[in-house]
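As stored in run_19.pdb (PDB, C-alpha atoms):
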ATOM      1  CA  MET A   1       0.000   0.000   0.000
ATOM      2  CA  THR A   2       1.370   3.399  -1.034
ATOM      3  CA  ILE A   3       0.895   6.220   1.452
ATOM      4  CA  LYS A   4      -1.072   9.120  -0.025
ATOM      5  CA  CYS A   5       0.479  12.578  -0.014
ATOM      6  CA  PRO A   6      -1.452  15.051   2.195
ATOM      7  CA  GLU A   7      -3.926  17.123   0.167
ATOM      8  CA  GLY A   8      -2.436  20.356   1.490
ATOM      9  CA  LEU A   9       0.830  19.625  -0.320
ATOM     10  CA  GLU A  10      -0.846  19.592  -3.726
ATOM     11  CA  THR A  11       0.355  23.175  -4.330
ATOM     12  CA  LEU A  12       3.957  22.017  -3.797
ATOM     13  CA  LYS A  13       3.636  18.781  -5.731
ATOM     14  CA  LYS A  14       5.686  19.908  -8.738
ATOM     15  CA  TYR A  15       8.642  20.728  -6.453
ATOM     16  CA  PHE A  16       8.884  17.183  -5.077
ATOM     17  CA  VAL A  17      10.634  14.251  -6.720
ATOM     18  CA  ASP A  18       9.033  10.813  -6.825
ATOM     19  CA  ALA A  19      12.059   9.192  -5.202
ATOM     20  CA  PRO A  20      15.473  10.374  -4.004
ATOM     21  CA  GLU A  21      18.319   9.769  -6.449
ATOM     22  CA  PRO A  22      22.086  10.352  -6.238
ATOM     23  CA  ILE A  23      22.023  12.885  -9.088
ATOM     24  CA  LEU A  24      20.083  16.004  -8.078
ATOM     25  CA  GLN A  25      17.408  17.748 -10.118
ATOM     26  CA  ALA A  26      16.515  21.437  -9.986
ATOM     27  CA  GLU A  27      13.413  21.189  -7.761
ATOM     28  CA  THR A  28      14.044  23.409  -4.727
ATOM     29  CA  ILE A  29      11.985  24.261  -1.657
ATOM     30  CA  GLN A  30      13.000  26.969   0.810
ATOM     31  CA  ILE A  31      11.460  27.045   4.284
ATOM     32  CA  LEU A  32      11.528  30.547   5.804
ATOM     33  CA  ILE A  33      11.733  30.565   9.598
ATOM     34  CA  LEU A  34      11.845  33.129  12.366
ATOM     35  CA  ARG A  35      13.843  31.530  15.168
ATOM     36  CA  GLU A  36      12.622  33.248  18.345
ATOM     37  CA  ILE A  37      14.896  33.029  21.392
ATOM     38  CA  LEU A  38      12.902  32.285  24.566
ATOM     39  CA  ASP A  39      15.680  32.016  27.155
ATOM     40  CA  PHE A  40      19.268  33.132  27.628
ATOM     41  CA  THR A  41      21.141  31.379  24.823
ATOM     42  CA  ILE A  42      24.821  30.978  23.984
ATOM     43  CA  PHE A  43      25.977  31.121  20.365
ATOM     44  CA  ARG A  44      29.720  30.582  20.323
ATOM     45  CA  THR A  45      32.288  28.309  18.709
ATOM     46  CA  GLU A  46      35.611  29.484  20.074
ATOM     47  CA  ASP A  47      37.356  28.837  23.402
ATOM     48  CA  ASP A  48      37.356  32.557  24.241
ATOM     49  CA  ARG A  49      33.654  32.175  25.197
ATOM     50  CA  GLU A  50      32.685  35.199  23.102
ATOM     51  CA  ILE A  51      29.410  35.302  21.224
ATOM     52  CA  ASN A  52      29.691  34.817  17.442
ATOM     53  CA  THR A  53      29.175  38.157  15.707
ATOM     54  CA  VAL A  54      29.437  39.607  12.218
ATOM     55  CA  VAL A  55      29.279  43.111  10.760
ATOM     56  CA  THR A  56      26.560  43.632   8.126
ATOM     57  CA  PRO A  57      24.611  46.574   6.702
ATOM     58  CA  THR A  58      21.798  47.779   8.955
ATOM     59  CA  SER A  59      19.171  47.075   6.280
ATOM     60  CA  ILE A  60      18.659  47.069   2.529
ATOM     61  CA  GLU A  61      17.964  50.813   2.582
ATOM     62  CA  ASN A  62      20.454  51.712   5.300
ATOM     63  CA  GLN A  63      24.008  50.647   4.431
ATOM     64  CA  GLU A  64      25.550  51.758   7.731
ATOM     65  CA  SER A  65      27.409  48.960   9.504
ATOM     66  CA  MET A  66      25.742  46.972  12.283
ATOM     67  CA  ASN A  67      27.275  44.289  14.471
ATOM     68  CA  ARG A  68      24.865  41.336  14.571
ATOM     69  CA  VAL A  69      24.825  38.032  16.443
ATOM     70  CA  ALA A  70      25.514  35.110  14.095
ATOM     71  CA  PHE A  71      23.618  31.830  14.526
ATOM     72  CA  LEU A  72      25.936  29.572  12.553
ATOM     73  CA  ALA A  73      24.485  27.127  10.031
ATOM     74  CA  SER A  74      26.386  24.228  11.612
ATOM     75  CA  LYS A  75      24.692  24.886  14.974
ATOM     76  CA  GLN A  76      21.237  24.831  13.407
ATOM     77  CA  LYS A  77      21.922  21.724  11.345
ATOM     78  CA  ALA A  78      23.457  19.709  14.198
ATOM     79  CA  VAL A  79      20.383  20.089  16.405
ATOM     80  CA  GLU A  80      17.869  19.266  13.693
ATOM     81  CA  SER A  81      19.874  16.370  12.264
ATOM     82  CA  ARG A  82      20.067  14.748  15.692
ATOM     83  CA  ASN A  83      16.381  15.420  16.369
ATOM     84  CA  LEU A  84      15.361  13.739  13.116
ATOM     85  CA  ALA A  85      17.488  10.727  14.056
ATOM     86  CA  SER A  86      15.790  10.633  17.483
ATOM     87  CA  LEU A  87      12.363  10.832  15.839
ATOM     88  CA  LEU A  88      13.185   7.907  13.541
ATOM     89  CA  ARG A  89      14.393   5.797  16.481
ATOM     90  CA  THR A  90      11.202   6.522  18.419
ATOM     91  CA  LEU A  91       8.965   5.777  15.426
ATOM     92  CA  SER A  92      10.857   2.552  14.731
ATOM     93  CA  LYS A  93      10.402   1.424  18.316
ATOM     94  CA  LYS A  94       6.706   2.351  18.269
ATOM     95  CA  HIS A  95       6.052   0.474  15.036
ATOM     96  CA  ASN A  96       8.421  -2.419  15.777
ATOM     97  CA  HIS A  97      10.475  -1.571  12.700
ATOM     98  CA  LYS A  98      14.003  -2.937  12.873
ATOM     99  CA  ILE A  99      16.703  -0.420  11.931
ATOM    100  CA  GLU A 100      20.491  -0.271  11.851
ATOM    101  CA  GLU A 101      22.221   1.601  14.651
ATOM    102  CA  CYS A 102      22.963   5.136  13.455
ATOM    103  CA  PHE A 103      24.541   8.048  15.260
ATOM    104  CA  LEU A 104      26.787  11.034  14.587
ATOM    105  CA  LYS A 105      29.482  11.166  13.646
ATOM    106  CA  ASP A 106      31.387   7.898  13.548
ATOM    107  CA  GLN A 107      28.626   5.384  12.901
ATOM    108  CA  LEU A 108      26.205   6.646  10.303
ATOM    109  CA  CYS A 109      24.148   3.794   8.898
ATOM    110  CA  LEU A 110      23.795   5.459   5.456
ATOM    111  CA  GLN A 111      20.481   3.598   5.124
ATOM    112  CA  CYS A 112      17.938   5.768   6.968
ATOM    113  CA  PRO A 113      15.908   8.863   5.976
ATOM    114  CA  ARG A 114      18.176  11.072   8.094
ATOM    115  CA  CYS A 115      21.292   9.951   6.246
ATOM    116  CA  GLY A 116      19.407  10.176   2.955
ATOM    117  CA  LEU A 117      18.437  13.805   3.550
ATOM    118  CA  PHE A 118      21.346  15.206   5.584
ATOM    119  CA  GLY A 119      23.986  13.137   3.820
ATOM    120  CA  GLY A 120      26.753  11.086   5.335
ATOM    121  CA  THR A 121      30.296   9.851   4.887
ATOM    122  CA  SER A 122      31.231   6.190   5.063
ATOM    123  CA  THR A 123      33.786   5.450   7.786
ATOM    124  CA  SER A 124      36.353   2.676   7.975
ATOM    125  CA  SER A 125      34.813   1.436  11.225
ATOM    126  CA  TYR A 126      31.441   0.843   9.603
ATOM    127  CA  LYS A 127      31.487  -1.263   6.431
ATOM    128  CA  SER A 128      27.844  -1.486   5.384
ATOM    129  CA  SER A 129      28.464   0.841   2.452
ATOM    130  CA  LYS A 130      31.346   2.214   0.414
ATOM    131  CA  SER A 131      29.714   5.273  -1.143
ATOM    132  CA  ASN A 132      28.990   8.562   0.577
ATOM    133  CA  ILE A 133      25.590  10.250   0.420
ATOM    134  CA  ARG A 134      25.283  13.841  -0.763
ATOM    135  CA  HIS A 135      23.141  16.080   1.431
ATOM    136  CA  ARG A 136      19.866  17.389   0.006
ATOM    137  CA  ILE A 137      19.091  19.753   2.865
ATOM    138  CA  SER A 138      21.213  22.851   3.450
ATOM    139  CA  TYR A 139      21.543  25.603   6.029
ATOM    140  CA  SER A 140      23.032  29.101   6.078
ATOM    141  CA  THR A 141      24.106  31.376   8.916
ATOM    142  CA  ALA A 142      21.193  33.291  10.437
ATOM    143  CA  PHE A 143      21.682  36.891  11.587
ATOM    144  CA  SER A 144      19.896  38.628  14.451
ATOM    145  CA  LEU A 145      17.377  41.313  13.542
ATOM    146  CA  LYS A 146      18.671  43.536  16.343
ATOM    147  CA  SER A 147      22.255  44.570  16.962
ATOM    148  CA  PHE A 148      24.702  42.652  19.123
ATOM    149  CA  ASP A 149      24.761  45.568  21.610
ATOM    150  CA  ASP A 150      21.003  45.224  22.132
ATOM    151  CA  LEU A 151      21.139  41.460  22.626
ATOM    152  CA  ASN A 152      24.393  40.781  24.447
ATOM    153  CA  GLU A 153      24.497  40.227  28.214
ATOM    154  CA  GLY A 154      27.028  38.808  30.670
ATOM    155  CA  ILE A 155      25.659  36.651  33.483
ATOM    156  CA  THR A 156      27.841  35.921  36.495
ATOM    157  CA  PHE A 157      27.421  32.494  38.051
ATOM    158  CA  ASN A 158      28.581  31.396  41.516
ATOM    159  CA  ALA A 159      29.204  28.134  43.328
ATOM    160  CA  ILE A 160      26.753  27.229  46.113
ATOM    161  CA  ASN A 161      27.949  25.499  49.266
ATOM    162  CA  ASN A 162      25.444  22.684  49.900
ATOM    163  CA  LYS A 163      26.046  22.730  53.640
ATOM    164  CA  THR A 164      25.812  26.461  54.309
ATOM    165  CA  VAL A 165      23.659  27.266  51.266
ATOM    166  CA  SER A 166      25.789  30.321  50.659
ATOM    167  CA  THR A 167      27.547  31.588  47.570
ATOM    168  CA  GLY A 168      31.271  31.685  47.312
ATOM    169  CA  GLN A 169      33.531  33.485  44.903
ATOM    170  CA  ALA A 170      32.175  34.167  41.428
ATOM    171  CA  LEU A 171      33.263  31.387  39.076
ATOM    172  CA  ASN A 172      32.833  32.969  35.688
ATOM    173  CA  ILE A 173      30.722  35.110  33.381
ATOM    174  CA  ARG A 174      28.522  33.578  30.703
ATOM    175  CA  LYS A 175      28.156  35.677  27.549
ATOM    176  CA  VAL A 176      24.583  35.128  26.417
ATOM    177  CA  VAL A 177      21.981  36.349  23.947
ATOM    178  CA  LYS A 178      18.912  37.811  25.649
ATOM    179  CA  PRO A 179      15.424  36.333  25.274
ATOM    180  CA  ALA A 180      13.142  37.772  22.550
ATOM    181  CA  ALA A 181      15.952  37.943  19.983
ATOM    182  CA  VAL A 182      14.795  36.933  16.488
ATOM    183  CA  PHE A 183      16.911  35.209  13.835
ATOM    184  CA  PRO A 184      15.426  34.975  10.315
ATOM    185  CA  SER A 185      16.585  31.641   8.928
ATOM    186  CA  ILE A 186      16.130  29.628   5.739
ATOM    187  CA  ILE A 187      16.387  25.873   5.231
ATOM    188  CA  THR A 188      16.644  24.614   1.652
ATOM    189  CA  LEU A 189      15.589  21.201   0.326
ATOM    190  CA  ARG A 190      16.844  19.980  -3.071
ATOM    191  CA  SER A 191      15.263  17.092  -4.961
ATOM    192  CA  ALA A 192      13.276  16.029  -1.898
ATOM    193  CA  THR A 193      10.264  13.728  -1.720
ATOM    194  CA  TRP A 194       7.054  14.796  -0.005
ATOM    195  CA  LYS A 195       7.854  12.333   2.803
ATOM    196  CA  GLU A 196      11.204  14.040   3.397
ATOM    197  CA  PHE A 197       9.464  17.414   3.407
ATOM    198  CA  VAL A 198       7.018  16.164   6.065
ATOM    199  CA  LEU A 199       9.894  14.851   8.201
ATOM    200  CA  ALA A 200      11.776  18.149   7.799
ATOM    201  CA  ILE A 201       8.757  20.243   8.850
ATOM    202  CA  LYS A 202       8.033  18.066  11.878
ATOM    203  CA  THR A 203      11.710  18.164  12.871
ATOM    204  CA  ILE A 204      11.882  21.968  12.591
ATOM    205  CA  LEU A 205       8.721  22.480  14.638
ATOM    206  CA  SER A 206       9.815  20.020  17.338
ATOM    207  CA  SER A 207      13.356  21.376  17.786
ATOM    208  CA  HIS A 208      13.590  23.718  20.772
ATOM    209  CA  LYS A 209      17.130  23.627  22.216
ATOM    210  CA  TYR A 210      20.032  25.352  20.452
ATOM    211  CA  GLY A 211      23.439  26.752  21.315
ATOM    212  CA  ALA A 212      25.948  25.809  23.998
ATOM    213  CA  GLU A 213      24.961  24.767  27.539
ATOM    214  CA  THR A 214      21.377  23.862  26.625
ATOM    215  CA  ARG A 215      20.918  22.227  30.034
ATOM    216  CA  ILE A 216      20.398  25.726  31.481
ATOM    217  CA  GLY A 217      18.985  27.686  28.556
ATOM    218  CA  GLY A 218      18.827  27.772  24.804
ATOM    219  CA  ASP A 219      15.036  27.607  24.387
ATOM    220  CA  VAL A 220      13.968  28.522  20.854
ATOM    221  CA  ARG A 221      10.625  28.628  19.038
ATOM    222  CA  ASN A 222      10.815  27.982  15.293
ATOM    223  CA  ASN A 223       8.055  29.885  13.507
ATOM    224  CA  ILE A 224       7.648  28.895   9.851
ATOM    225  CA  VAL A 225       6.514  32.040   8.014
ATOM    226  CA  GLY A 226       6.849  31.104   4.366
ATOM    227  CA  ILE A 227       7.589  28.377   1.843
ATOM    228  CA  ILE A 228       9.110  29.018  -1.565
ATOM    229  CA  GLY A 229       9.085  26.463  -4.368
ATOM    230  CA  GLY A 230      11.149  26.849  -7.511
ATOM    231  CA  TRP A 231      14.089  25.645  -9.551
ATOM    232  CA  GLU A 232      16.596  27.667  -7.512
ATOM    233  CA  GLU A 233      17.128  29.415  -4.192
ATOM    234  CA  LEU A 234      15.287  32.729  -4.321
ATOM    235  CA  ILE A 235      16.637  34.562  -1.263
ATOM    236  CA  SER A 236      19.346  34.162   1.384
ATOM    237  CA  PRO A 237      18.969  34.552   5.172
ATOM    238  CA  LEU A 238      21.045  37.764   5.139
ATOM    239  CA  GLU A 239      18.830  39.330   2.467
ATOM    240  CA  PHE A 240      15.742  38.195   4.369
ATOM    241  CA  THR A 241      17.077  39.788   7.560
ATOM    242  CA  LEU A 242      17.965  43.078   5.868
ATOM    243  CA  GLU A 243      14.526  43.265   4.243
ATOM    244  CA  LEU A 244      12.794  42.673   7.581
ATOM    245  CA  ALA A 245      14.989  45.319   9.222
ATOM    246  CA  ASP A 246      13.475  47.961   6.906
ATOM    247  CA  LEU A 247       9.936  47.380   8.193
ATOM    248  CA  ASP A 248       8.738  50.053  10.632
ATOM    249  CA  ILE A 249       6.031  47.738  11.947
ATOM    250  CA  PHE A 250       6.608  44.027  11.628
ATOM    251  CA  ASP A 251       4.124  42.827   9.011
ATOM    252  CA  MET A 252       4.655  39.349   7.582
ATOM    253  CA  LYS A 253       2.509  40.092   4.547
ATOM    254  CA  GLU A 254       4.670  43.095   3.686
ATOM    255  CA  ALA A 255       7.796  41.055   4.402
ATOM    256  CA  MET A 256       6.742  38.355   1.941
ATOM    257  CA  GLN A 257       5.988  40.986  -0.670
ATOM    258  CA  LYS A 258       9.614  42.050  -0.326
ATOM    259  CA  VAL A 259      10.666  38.426  -0.767
ATOM    260  CA  ASP A 260       8.497  38.242  -3.890
ATOM    261  CA  SER A 261      10.464  41.135  -5.393
ATOM    262  CA  TYR A 262      13.535  38.849  -5.575
ATOM    263  CA  LYS A 263      11.959  37.133  -8.588
ATOM    264  CA  GLU A 264      13.608  39.999 -10.470
ATOM    265  CA  TYR A 265      16.967  38.292  -9.935
ATOM    266  CA  ALA A 266      15.789  34.718 -10.565
ATOM    267  CA  ALA A 267      16.814  32.600 -13.543
ATOM    268  CA  HIS A 268      13.390  30.919 -13.658
ATOM    269  CA  PRO A 269      10.849  33.381 -12.207
ATOM    270  CA  ALA A 270       7.897  31.610 -13.839
ATOM    271  CA  GLU A 271       8.665  28.472 -11.794
ATOM    272  CA  ILE A 272       8.641  30.259  -8.423
ATOM    273  CA  GLN A 273       5.723  29.960  -6.028
ATOM    274  CA  ILE A 274       5.568  31.683  -2.645
ATOM    275  CA  ILE A 275       3.199  30.318  -0.004
ATOM    276  CA  MET A 276       2.303  32.399   3.043
ATOM    277  CA  GLY A 277      -0.661  33.436   5.175
ATOM    278  CA  ASP A 278      -3.730  31.168   5.266
ATOM    279  CA  PRO A 279      -2.490  28.696   2.612
ATOM    280  CA  LEU A 280       0.711  28.241   4.614
ATOM    281  CA  ASN A 281      -1.196  27.829   7.882
ATOM    282  CA  GLN A 282      -3.392  25.171   6.276
ATOM    283  CA  ILE A 283      -0.331  23.224   5.129
ATOM    284  CA  LEU A 284       1.316  23.435   8.549
ATOM    285  CA  THR A 285      -1.859  22.408  10.378
ATOM    286  CA  GLU A 286      -2.328  19.407   8.106
ATOM    287  CA  LEU A 287       1.288  18.310   8.523
ATOM    288  CA  GLN A 288       1.135  18.744  12.296
ATOM    289  CA  ASN A 289      -1.859  16.394  12.342
ATOM    290  CA  PHE A 290      -0.378  13.986   9.795
ATOM    291  CA  GLU A 291       0.319  10.617  11.405
ATOM    292  CA  LEU A 292       3.738   9.097  10.860
ATOM    293  CA  SER A 293       2.330   5.610  10.492
ATOM    294  CA  LYS A 294       4.173   2.325  10.180
ATOM    295  CA  GLU A 295       3.485   2.370   6.435
ATOM    296  CA  PHE A 296       4.925   5.897   6.130
ATOM    297  CA  LEU A 297       8.047   4.868   8.042
ATOM    298  CA  GLU A 298       8.584   1.720   5.999
ATOM    299  CA  GLU A 299       8.188   3.597   2.708
ATOM    300  CA  ALA A 300      10.610   6.320   3.855
ATOM    301  CA  TYR A 301      13.238   3.669   4.631
ATOM    302  CA  MET A 302      12.502   1.829   1.385
ATOM    303  CA  ASP A 303      13.134   5.051  -0.566
ATOM    304  CA  ILE A 304      16.676   5.215   0.820
ATOM    305  CA  LYS A 305      17.248   1.512   0.233
ATOM    306  CA  LYS A 306      16.372   1.981  -3.454
ATOM    307  CA  TYR A 307      18.550   5.110  -3.534
ATOM    308  CA  ARG A 308      21.520   3.056  -2.325
ATOM    309  CA  GLU A 309      20.839   0.314  -4.857
ATOM    310  CA  ILE A 310      20.953   2.892  -7.650
ATOM    311  CA  GLN A 311      24.089   4.486  -6.197
ATOM    312  CA  GLU A 312      25.932   1.185  -5.802
ATOM    313  CA  GLY A 313      24.851   0.049  -9.267
TER     314      GLY A 313
END

Can you dump the structure from the file as structure tokens?
Amino acid sequence: MTIKCPEGLETLKKYFVDAPEPILQAETIQILILREILDFTIFRTEDDREINTVVTPTSIENQESMNRVAFLASKQKAVESRNLASLLRTLSKKHNHKIEECFLKDQLCLQCPRCGLFGGTSTSSYKSSKSNIRHRISYSTAFSLKSFDDLNEGITFNAINNKTVSTGQALNIRKVVKPAAVFPSIITLRSATWKEFVLAIKTILSSHKYGAETRIGGDVRNNIVGIIGGWEELISPLEFTLELADLDIFDMKEAMQKVDSYKEYAAHPAEIQIIMGDPLNQILTELQNFELSKEFLEEAYMDIKKYREIQEG
């Protein structure tokens, strides 16, 4: 029995492929997200414990320099890749579907929907496959709407004596991003099936912990505000951020009209479709309620099995 594609995805049907294949086609879907920070969050990569920052123009209209917080693509991808793997393990246990052990980074099975979408490299310690898998989902650095100066804060933390319940000498200062910061972000799918799109949407919506030291912070709400189908990437996260920065009053309809103007630079403007507002909400509601059944799971795994058969010849 073949699982039927949700009716709400009919408008995106021409941007899906029937099955994943090693050689990519042009079908592209961009998912536009506002990542809203809900707790003190740490975005850093270096040992100096400083927040990642980058200097950009203030907006499209205002070319004065602004120092923004950078939410690196690798930090977004790592969380969502692991969350998709966790979802697949839970579904497999629920539906009694036997799977190969798969975890980052040294034992990727190269046989599951996560590996099929995020890609993977064969390692010498795991010999189930010789060929690597090219990723078909990509991320870019997201930039804060507000300046680093508005969002940066240093929090001092102390050690507590359990016996006296008193604080001792300050141990250190945590450089954090304040709650209510917003990071416009874009995730791009290339040559994806509708099943992979469903898994990507559910993974994005269910991912809530980002950054360093997530045991004491890092809460994030991912708000999907637009979907773009086409034969190319229409807009980048930096352009999206700079366009939003020009809005006096935040209006998503006006923001998406600005996104629509980027068709001017597209190679295939006639193939581009932008979904927002009520049509977008209907798609998201349907996908939230879509059951990841045993049949869905088995077909998703079978897609990657066939992919590997084609790849290995």

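Closest to A:Ser293 among A:Pro22, A:Pro269, A:Ser92, A:Asn67 is A:Ser92, based on all atoms listed in the file.
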
Closest-contact table, stretch 4-24 of chain A side, partner stretch 211-229 of chain A, 10 Å, counting all atoms listed in the file, as JSON lines:
{"residue": "A:Thr11", "atom": "CA", "partner": "A:Gly229", "partner_atom": "CA", "distance": 9.3}
{"residue": "A:Leu12", "atom": "CA", "partner": "A:Gly229", "partner_atom": "CA", "distance": 6.8}
{"residue": "A:Lys13", "atom": "CA", "partner": "A:Gly229", "partner_atom": "CA", "distance": 9.5}
{"residue": "A:Lys14", "atom": "CA", "partner": "A:Gly229", "partner_atom": "CA", "distance": 8.6}
{"residue": "A:Tyr15", "atom": "CA", "partner": "A:Gly229", "partner_atom": "CA", "distance": 6.1}
{"residue": "A:Phe16", "atom": "CA", "partner": "A:Gly229", "partner_atom": "CA", "distance": 9.3}

Item to check | Separation of atom CA of A:Leu151 from atom CA of A:Pro179, in Å and rounded to one decimal | outcome: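 Separating atom CA of A:Leu151 from atom CA of A:Pro179 is a distance of 8.1 Å.
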
Item to check | Nearest residue to A:Leu108 from the set A:Leu91, A:Ile51, A:Ile133, A:Ala78 (distances using only C-alpha atoms) | outcome: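 Closest candidate: A:Ile133.
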
Checklist outcome for this item: re atom CA of A:Ser122 and atom CA of A:His95: distance 27.7 Å

Item to check | Pairwise distance for atom CA of A:Lys77 and atom CA of A:Gly119, rounded to one decimal in Å | outcome: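 Result for atom CA of A:Lys77 versus atom CA of A:Gly119: 11.6 Å, one decimal.
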
Checklist entry - Written as a list in words, what is the full residue list that the PyMOL selection byres ((chain A and resi 134) around 10) yields on the file shown? => result Glu21, Pro22, Ile23, Leu24, Cys115, Gly116, Leu117, Phe118, Gly119, Gly120, Thr121, Ser131, Asn132, Ile133, His135, Arg136 and Ile137 of chain A

Next on the checklist: For this structure, which residues satisfy the selection - the PyMOL selection byres ((chain A and resi 178) around 8) - when it is evaluated on the file as given? I want them as number ranges by chain.
Outcome noted: A: 37, 39-41, 151-153, 176-177, 179-181

Checklist outcome for this item: Counting all atoms listed in the file, closest pick from A:Pro184, A:Gly230, A:Gly277, A:Pro113 relative to A:Lys305 is A:Pro113

Checklist entry - A:Gly8: which residues within 12 Å, counting only C-alpha atoms, same-chain residues fewer than 2 positions away excluded, as a list in words? => result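 Counting only C-alpha atoms, the residues come to Lys4, Cys5, Pro6, Glu10, Thr11, Leu12, Lys13, Trp194, Val198, Ile275, Asp278, Pro279, Leu280, Asn281, Gln282, Ile283, Leu284, Thr285, Glu286, Leu287, Gln288, Asn289 and Phe290 of chain A.
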
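The closest residue to A:Leu297, picked from A:Glu196, A:Glu309, A:Glu232, A:Glu239 and counting only C-alpha atoms, is A:Glu196.
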
Item to check | Minimum-distance residue to A:Asp248, chosen among A:Cys109, A:Ser59, A:Glu271, A:Ile155 (using all atoms listed in the file) | outcome: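 Closest to A:Asp248, using all atoms listed in the file: A:Ser59.
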
Checklist entry - Looking at all atoms listed in the file, which of A:Arg114, A:Arg44, A:His268, A:Arg308 is the one that sits closest to A:Asn83? => result A:Arg114

Item to check | the PyMOL selection byres ((chain A and resi 245) around 10) applied to the shown file, residues as a list in words | outcome: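 Output of the PyMOL selection byres ((chain A and resi 245) around 10): Thr58, Ser59, Ile60, Glu61, Asn62, Ser144, Leu145, Lys146, Glu239, Phe240, Thr241, Leu242, Glu243, Leu244, Asp246, Leu247, Asp248, Ile249, Phe250 and Ala255 of chain A.
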
Please rebuild stretch 46-59 of chain A with N, CA, C and O atoms and give the result as a CSV table (one decimal), keeping the file's coordinate frame.
chain,number,residue,atom,x,y,z
A,46,GLU,N,34.2,29.4,19.7
A,46,GLU,CA,35.6,29.5,20.1
A,46,GLU,C,35.8,29.3,21.6
A,46,GLU,O,34.9,29.5,22.4
A,47,ASP,N,37.0,29.0,22.0
A,47,ASP,CA,37.4,28.8,23.4
A,47,ASP,C,37.3,30.1,24.2
A,47,ASP,O,37.4,30.1,25.4
A,48,ASP,N,37.3,31.3,23.5
A,48,ASP,CA,37.4,32.6,24.2
A,48,ASP,C,36.0,32.9,24.9
A,48,ASP,O,35.9,33.9,25.5
A,49,ARG,N,35.0,32.1,24.6
A,49,ARG,CA,33.7,32.2,25.2
A,49,ARG,C,32.9,33.4,24.7
A,49,ARG,O,31.9,33.9,25.4
A,50,GLU,N,33.4,34.0,23.7
A,50,GLU,CA,32.7,35.2,23.1
A,50,GLU,C,31.6,34.8,22.1
A,50,GLU,O,31.7,33.8,21.4
A,51,ILE,N,30.5,35.6,22.1
A,51,ILE,CA,29.4,35.3,21.2
A,51,ILE,C,29.9,35.5,19.8
A,51,ILE,O,30.6,36.4,19.5
A,52,ASN,N,29.4,34.6,18.9
A,52,ASN,CA,29.7,34.8,17.4
A,52,ASN,C,29.0,36.1,16.9
A,52,ASN,O,27.8,36.2,17.1
A,53,THR,N,29.7,36.9,16.3
A,53,THR,CA,29.2,38.2,15.7
A,53,THR,C,29.7,38.4,14.3
A,53,THR,O,30.7,37.8,13.9
A,54,VAL,N,29.0,39.2,13.6
A,54,VAL,CA,29.4,39.6,12.2
A,54,VAL,C,28.9,41.0,11.9
A,54,VAL,O,27.8,41.4,12.4
A,55,VAL,N,29.7,41.8,11.2
A,55,VAL,CA,29.3,43.1,10.8
A,55,VAL,C,28.6,43.0,9.4
A,55,VAL,O,29.1,42.5,8.4
A,56,THR,N,27.4,43.6,9.4
A,56,THR,CA,26.6,43.6,8.1
A,56,THR,C,26.0,45.0,8.0
A,56,THR,O,26.0,45.9,8.9
A,57,PRO,N,25.4,45.3,6.8
A,57,PRO,CA,24.6,46.6,6.7
A,57,PRO,C,23.4,46.5,7.7
A,57,PRO,O,23.0,45.5,8.1
A,58,THR,N,22.9,47.7,8.0
A,58,THR,CA,21.8,47.8,9.0
A,58,THR,C,20.5,47.2,8.3
A,58,THR,O,19.7,46.5,8.9
A,59,SER,N,20.3,47.5,7.0
A,59,SER,CA,19.2,47.1,6.3
A,59,SER,C,19.4,47.3,4.8
A,59,SER,O,20.5,47.7,4.4
